[in-house]
file final-v7.txt (compact mmCIF, C-alpha atoms)
# COMPACT_ATOMS: atom_id res chain seq x y z
CA MET T 12 19.76 -1.73 32.03
CA ALA T 13 19.67 0.88 34.73
CA ILE T 14 17.09 0.79 37.42
CA ARG T 15 14.85 3.82 37.38
CA ARG T 16 12.19 5.03 39.65
CA TRP T 17 8.74 4.24 38.40
CA ARG T 18 6.95 7.44 37.46
CA PRO T 19 3.74 6.45 35.80
CA PHE T 20 2.81 9.91 34.52
CA ARG T 21 6.13 10.89 33.07
CA ASP T 22 5.40 9.58 29.63
CA ILE T 23 2.01 11.16 29.54
CA MET T 24 3.49 14.51 30.51
CA SER T 25 6.06 14.36 27.80
CA VAL T 26 3.39 13.46 25.27
CA GLN T 27 1.45 16.49 26.40
CA ASP T 28 4.49 18.71 26.02
CA GLU T 29 5.06 17.36 22.58
CA MET T 30 1.46 18.01 21.57
CA ASN T 31 1.61 21.56 22.87
CA ARG T 32 4.76 22.16 20.90
CA LEU T 33 3.16 20.77 17.76
CA PHE T 34 0.13 22.99 18.15
CA ASP T 35 2.22 26.04 18.85
CA GLU T 36 4.31 25.44 15.80
CA PHE T 37 1.32 24.81 13.62
CA PHE T 38 -0.45 28.00 14.64
CA GLY T 39 2.72 29.99 14.44
CA ARG T 40 2.97 30.85 18.10
CA THR T 41 6.42 30.74 19.48
CA PRO T 42 6.50 30.58 23.23
CA ALA T 43 8.47 33.51 24.52
CA ARG T 44 10.32 33.58 27.81
CA GLY T 45 7.90 33.04 30.62
CA GLU T 46 4.36 32.19 29.79
CA GLU T 47 3.47 34.85 27.28
CA TYR T 48 2.70 33.77 23.77
CA GLU T 49 3.63 35.95 20.94
CA ARG T 50 1.14 36.56 18.18
CA MET T 51 1.73 35.19 14.79
CA TRP T 52 1.65 38.43 12.88
CA SER T 53 3.05 41.83 13.52
CA PRO T 54 2.76 44.60 10.96
CA HIS T 55 5.76 46.74 10.13
CA VAL T 56 5.61 50.01 12.00
CA ASP T 57 7.57 53.19 11.45
CA VAL T 58 7.72 56.07 13.88
CA SER T 59 8.82 59.43 12.62
CA GLU T 60 8.83 62.94 13.91
CA THR T 61 7.92 66.27 12.40
CA GLU T 62 7.95 69.66 14.07
CA ASP T 63 4.36 69.37 15.25
CA ASN T 64 3.68 65.68 15.32
CA ILE T 65 4.93 62.27 16.15
CA VAL T 66 3.72 60.05 13.33
CA VAL T 67 3.19 56.31 13.66
CA THR T 68 2.58 54.43 10.41
CA ALA T 69 1.69 50.77 10.26
CA GLU T 70 1.65 48.66 7.10
CA VAL T 71 -1.61 46.75 7.15
CA PRO T 72 -2.37 45.99 3.51
CA GLY T 73 -5.54 44.17 2.58
CA MET T 74 -7.50 45.42 5.57
CA THR T 75 -10.27 47.95 5.76
CA LYS T 76 -10.52 50.63 8.38
CA ASP T 77 -13.24 48.71 10.18
CA ASP T 78 -10.82 45.87 10.85
CA ILE T 79 -8.50 48.11 12.84
CA LYS T 80 -8.95 49.24 16.41
CA LEU T 81 -7.02 52.03 18.01
CA THR T 82 -7.01 52.93 21.69
CA VAL T 83 -5.07 55.16 24.02
CA ARG T 84 -5.11 54.19 27.66
CA ASP T 85 -2.95 56.10 30.06
CA ASN T 86 -0.03 56.76 27.80
CA ILE T 87 -0.12 53.51 25.88
CA LEU T 88 -1.23 53.56 22.26
CA THR T 89 -2.52 50.21 21.11
CA VAL T 90 -3.20 49.21 17.52
CA SER T 91 -4.99 45.93 17.07
CA GLY T 92 -6.97 44.18 14.41
CA GLU T 93 -7.46 41.13 12.35
CA LYS T 94 -6.59 40.46 8.77
CA LYS T 95 -9.02 37.94 7.44
CA HIS T 96 -8.69 35.60 4.56
CA GLU T 97 -11.32 36.46 2.01
CA LYS T 98 -14.22 34.05 2.05
CA GLU T 99 -14.47 33.48 -1.66
CA GLU T 100 -11.00 32.00 -1.74
CA LYS T 101 -11.65 29.32 0.83
CA ASP T 102 -11.89 26.59 -1.75
CA ALA T 103 -8.96 27.86 -3.74
CA ASN T 104 -5.79 25.93 -4.06
CA TYR T 105 -2.83 27.90 -2.76
CA HIS T 106 0.50 27.59 -4.51
CA ARG T 107 2.27 30.07 -2.34
CA ILE T 108 1.43 31.98 0.81
CA GLU T 109 3.74 34.72 1.89
CA ARG T 110 1.23 37.22 3.21
CA SER T 111 0.45 37.11 6.89
CA TYR T 112 -3.05 36.71 8.21
CA GLY T 113 -4.61 36.71 11.62
CA SER T 114 -4.82 38.98 14.61
CA PHE T 115 -2.21 41.42 15.65
CA CYS T 116 -1.75 43.77 18.53
CA ARG T 117 1.00 46.30 19.05
CA SER T 118 1.41 48.80 21.83
CA PHE T 119 3.57 51.85 22.08
CA GLU T 120 4.38 53.94 25.06
CA LEU T 121 3.82 57.57 24.24
CA PRO T 122 5.94 60.33 25.64
CA ALA T 123 4.11 62.60 28.07
CA THR T 124 4.61 65.45 25.64
CA VAL T 125 1.87 64.25 23.32
CA GLN T 126 -1.65 65.65 23.39
CA PHE T 127 -3.57 62.43 23.83
CA ASP T 128 -6.97 63.93 23.13
CA LYS T 129 -5.93 65.17 19.71
CA VAL T 130 -4.68 61.93 18.22
CA LYS T 131 -5.80 61.48 14.62
CA ALA T 132 -5.69 58.45 12.40
CA SER T 133 -6.28 57.76 8.74
CA TYR T 134 -6.12 54.70 6.52
CA LYS T 135 -5.13 54.75 2.89
CA ASP T 136 -3.67 52.20 0.47
CA GLY T 137 -2.87 49.72 3.19
CA ILE T 138 -1.16 52.17 5.49
CA LEU T 139 -2.53 53.28 8.84
CA LYS T 140 -1.21 56.67 9.79
CA ILE T 141 -1.57 57.95 13.32
CA SER T 142 -0.67 61.57 14.04
CA LEU T 143 0.11 62.46 17.61
CA PRO T 144 0.35 66.21 18.07
CA LYS T 145 3.08 67.40 20.37
CA SER T 146 2.10 69.67 23.19
CA GLU T 147 2.93 73.32 22.84
CA GLU T 148 5.75 73.27 25.38
CA VAL T 149 7.95 70.93 23.42
CA LYS T 150 7.45 72.36 19.96
CA PRO T 151 10.55 74.10 18.76
CA LYS T 152 10.17 77.83 19.10
CA GLU T 153 11.96 80.48 17.26
CA ILE T 154 13.05 83.35 19.39
CA PRO T 155 14.02 86.39 17.45
CA ILE T 156 16.86 88.30 19.00
CA ASN T 157 17.27 91.89 18.19
CA ILE T 158 20.79 92.94 17.72
CA SER T 159 21.23 96.45 18.79
CA MET H 7 18.21 17.55 2.68
CA LYS H 8 16.15 20.60 2.11
CA LEU H 9 12.43 20.72 1.89
CA ILE H 10 11.36 22.57 -1.22
CA ARG H 11 7.91 23.95 -1.70
CA PHE H 12 6.02 22.23 -4.47
CA LEU H 13 5.02 24.74 -7.11
CA PRO H 14 3.69 22.81 -10.04
CA MET H 15 2.28 25.66 -12.10
CA PHE H 16 4.59 28.52 -11.35
CA ASP H 17 8.27 28.60 -11.63
CA PHE H 18 9.53 31.55 -9.71
CA GLY H 19 12.30 33.83 -10.66
CA ASN H 20 13.84 35.63 -7.76
CA SER H 21 13.76 39.34 -7.55
CA GLU H 22 16.52 40.38 -9.86
CA ASP H 23 17.78 43.93 -9.83
CA GLY H 24 16.20 44.47 -6.45
CA ASN H 25 17.85 45.84 -3.36
CA GLY H 26 16.36 43.39 -0.96
CA TYR H 27 12.78 44.52 -1.03
CA SER H 28 10.32 41.98 -2.26
CA PRO H 29 6.59 42.24 -1.68
CA ASP H 30 4.86 39.38 0.09
CA MET H 31 2.74 37.42 -2.35
CA ASP H 32 0.08 34.78 -2.36
CA ILE H 33 -0.60 32.69 -5.41
CA LEU H 34 -3.80 30.78 -5.63
CA GLU H 35 -5.70 28.79 -8.14
CA THR H 36 -9.41 28.27 -8.52
CA ASP H 37 -11.25 26.32 -11.18
CA LYS H 38 -11.39 29.33 -13.44
CA GLU H 39 -8.29 31.38 -12.78
CA PHE H 40 -4.95 31.95 -11.16
CA VAL H 41 -4.63 34.88 -8.80
CA ILE H 42 -1.49 36.61 -7.64
CA GLU H 43 -1.87 38.94 -4.68
CA ALA H 44 1.04 41.17 -3.75
CA GLU H 45 1.14 43.41 -0.70
CA ILE H 46 2.63 46.75 -1.58
CA PRO H 47 1.28 49.13 1.04
CA GLY H 48 1.52 52.84 0.38
CA ALA H 49 2.04 52.47 -3.34
CA SER H 50 -0.27 53.79 -6.02
CA LYS H 51 -1.23 52.04 -9.21
CA GLU H 52 1.10 54.20 -11.27
CA ASP H 53 4.03 52.63 -9.48
CA PHE H 54 3.65 49.27 -11.22
CA LYS H 55 4.36 47.95 -14.65
CA LEU H 56 2.98 44.64 -15.76
CA ASN H 57 3.68 42.93 -19.03
CA VAL H 58 3.61 39.53 -20.69
CA GLU H 59 6.24 38.40 -23.11
CA ASP H 60 7.01 34.86 -24.24
CA ASP H 61 4.73 33.33 -21.60
CA VAL H 62 6.49 35.24 -18.85
CA LEU H 63 4.55 37.72 -16.76
CA THR H 64 6.74 40.44 -15.35
CA LEU H 65 5.74 42.67 -12.49
CA GLU H 66 8.00 45.60 -11.91
CA GLY H 67 7.55 48.41 -9.51
CA GLU H 68 8.80 50.56 -6.77
CA LYS H 69 7.69 51.19 -3.24
CA LYS H 70 8.69 54.66 -2.23
CA LYS H 71 8.69 56.55 0.98
CA GLU H 72 9.04 60.25 1.44
CA LYS H 73 12.00 61.46 3.44
CA GLN H 74 11.19 61.64 7.11
CA ARG H 75 12.96 61.87 10.39
CA PHE H 76 12.53 58.34 11.65
CA ILE H 77 12.64 57.47 15.30
CA PHE H 78 12.48 53.86 14.29
CA LYS H 79 11.72 52.09 11.09
CA GLU H 80 10.68 48.55 10.30
CA SER H 81 9.25 48.96 6.83
CA LYS H 82 11.23 48.38 3.68
CA GLU H 83 11.07 49.95 0.31
CA GLY H 84 12.80 49.86 -3.02
CA ARG H 85 12.52 48.55 -6.53
CA PHE H 86 11.43 45.04 -7.24
CA LYS H 87 11.00 42.83 -10.25
CA LYS H 88 9.20 39.53 -10.23
CA ARG H 89 8.77 37.13 -13.08
CA PHE H 90 6.27 34.34 -13.36
CA SER H 91 6.31 31.79 -16.08
CA LEU H 92 2.73 31.30 -17.10
CA PRO H 93 1.21 27.88 -17.59
CA THR H 94 0.41 27.24 -21.24
CA ASP H 95 -3.34 27.04 -20.90
CA VAL H 96 -4.14 30.52 -19.66
CA ASP H 97 -5.85 33.27 -21.55
CA GLN H 98 -3.06 35.83 -21.72
CA ASP H 99 -5.24 38.49 -23.31
CA LYS H 100 -7.58 38.57 -20.36
CA ILE H 101 -5.11 39.14 -17.54
CA ARG H 102 -6.42 41.88 -15.27
CA ALA H 103 -4.94 43.75 -12.34
CA GLN H 104 -6.41 45.96 -9.68
CA PHE H 105 -4.91 47.75 -6.72
CA GLU H 106 -6.92 48.16 -3.56
CA ASN H 107 -5.98 48.78 0.06
CA GLY H 108 -2.33 48.23 -0.62
CA VAL H 109 -2.83 44.88 -2.34
CA LEU H 110 -2.22 44.37 -6.05
CA ARG H 111 -4.36 41.57 -7.37
CA ILE H 112 -3.53 40.05 -10.72
CA THR H 113 -6.11 37.70 -12.18
CA ILE H 114 -5.07 35.26 -14.88
CA PRO H 115 -8.06 33.42 -16.35
CA LYS H 116 -7.60 29.86 -17.47
CA ALA H 117 -8.39 28.99 -21.05
CA LYS H 118 -11.64 27.11 -21.49
CA VAL H 119 -9.91 23.75 -21.94
CA LEU H 120 -8.64 23.74 -18.39
CA ILE H 121 -11.91 24.39 -16.62
CA PRO H 122 -13.06 21.06 -15.25
CA LYS H 123 -16.40 19.84 -16.49
CA GLU H 124 -18.66 17.45 -14.77
CA ILE H 125 -20.09 14.74 -16.96
CA ASN H 126 -23.22 13.01 -15.87
CA VAL H 127 -23.35 9.29 -16.25
CA ASN H 128 -26.71 8.05 -17.40
call {"tool": "encode", "arguments": {"input": "final-v7.txt", "output": "structure tokens"}}
result
Amino acid sequence: MAIRRWRPFRDIMSVQDEMNRLFDEFFGRTPARGEEYERMWSPHVDVSETEDNIVVTAEVPGMTKDDIKLTVRDNILTVSGEKKHEKEEKDANYHRIERSYGSFCRSFELPATVQFDKVKASYKDGILKISLPKSEEVKPKEIPINIS
Amino acid sequence: MKLIRFLPMFDFGNSEDGNGYSPDMDILETDKEFVIEAEIPGASKEDFKLNVEDDVLTLEGEKKKEKQRFIFKESKEGRFKKRFSLPTDVDQDKIRAQFENGVLRITIPKAKVLIPKEINVN
């Protein structure tokens, strides 16, 4: 047997690490690089562009519009909310769970060419749609040229 | 060895003629009924077809998306088909479905025999 330095707290530390890992796994948090923890759930988001708008759509089925919070600070658009398990089903026996529940938070950096004060949002059939109107300068303009 | 989820009441068929899209589903059981909840955001109730044949419940549908110029895209869409073999003691005539906030909820009531009864001992 090799002789090792006596470090009385080593075992305790490793037990603590192990417990943290267990908890993180159980609650679905995967430790990212550094100390940030990633949330368990992240809705699918599409970003598309029309002539007048940049449109952000997020798939958040099973939520109501009161569960969703939308903010713009500086040029960061943040969508957050919580999808709750319905109360009546607490004593139900689950055979399969594929849907995701819990809090989510996603942020997007908006280009400076968006009119922040005119952002509109709507919620229908599980889809949150955020319309960000482009400012006049960047909208495509048609310039008629007279041929003489 | 692989760990396989224990599904005593439902035997799942995989999505057959699908192209990779499959809605996320929960299946739960209470004393009185089985409930299937499928997340199909952006669909409307006309997009689904539900039928029961030979104790197999089939849910077919399509999630569509209008053509857009995407900057980036995470969502998926396409046709899907899911089959569930029903337990024998359910009331097949009373299966209901409703679509709300992007979630399709199919309720399958149990036949009376299955509902547990409490018997008092005198």
call {"tool": "closest_residue", "arguments": {"input": "final-v7.txt", "among": "T:Val71, T:Leu143, T:Leu81, T:Ile158", "to": "Asp128 in chain T", "atoms": "all atoms listed in the file"}}
result
T:Leu143
call {"tool": "interface_residues", "arguments": {"input": "final-v7.txt", "of": "chain H", "to": "chain T", "cutoff": "6 Å", "atoms": "all atoms listed in the file", "output": "list of chain:residue names"}}
result
H:Leu13, H:Asp30, H:Met31, H:Asp32, H:Ile33, H:Leu34, H:Glu35, H:Thr36, H:Pro47, H:Gly48, H:Arg75, H:Phe76, H:Ile77, H:Phe78, H:Lys79, H:Glu80, H:Ser81, H:Asn107, H:Gly108, H:Val109
call {"tool": "atom_distance", "arguments": {"input": "final-v7.txt", "atom1": "CA of Lys88 in chain H", "atom2": "CA of Leu63 in chain H"}}
result
8.2 Å
call {"tool": "residues_around", "arguments": {"input": "final-v7.txt", "residues": "Lys95 in chain T", "least_positions_apart": "2", "cutoff": "8 Å", "atoms": "only C-alpha atoms", "output": "ChimeraX atom specification"}}
result
/T:74,93,97,112-113
call {"tool": "closest_residue", "arguments": {"input": "final-v7.txt", "among": "H:Ser91, H:Ser28, H:Thr64, H:Ser50", "to": "Gln104 in chain H", "atoms": "all atoms listed in the file"}}
result
H:Ser50
call {"tool": "atom_distance", "arguments": {"input": "final-v7.txt", "atom1": "CA of Val41 in chain H", "atom2": "CA of Phe54 in chain H"}}
result
16.8 Å
call {"tool": "atom_distance", "arguments": {"input": "final-v7.txt", "atom1": "CA of Leu56 in chain H", "atom2": "CA of Phe86 in chain H"}}
result
12.0 Å
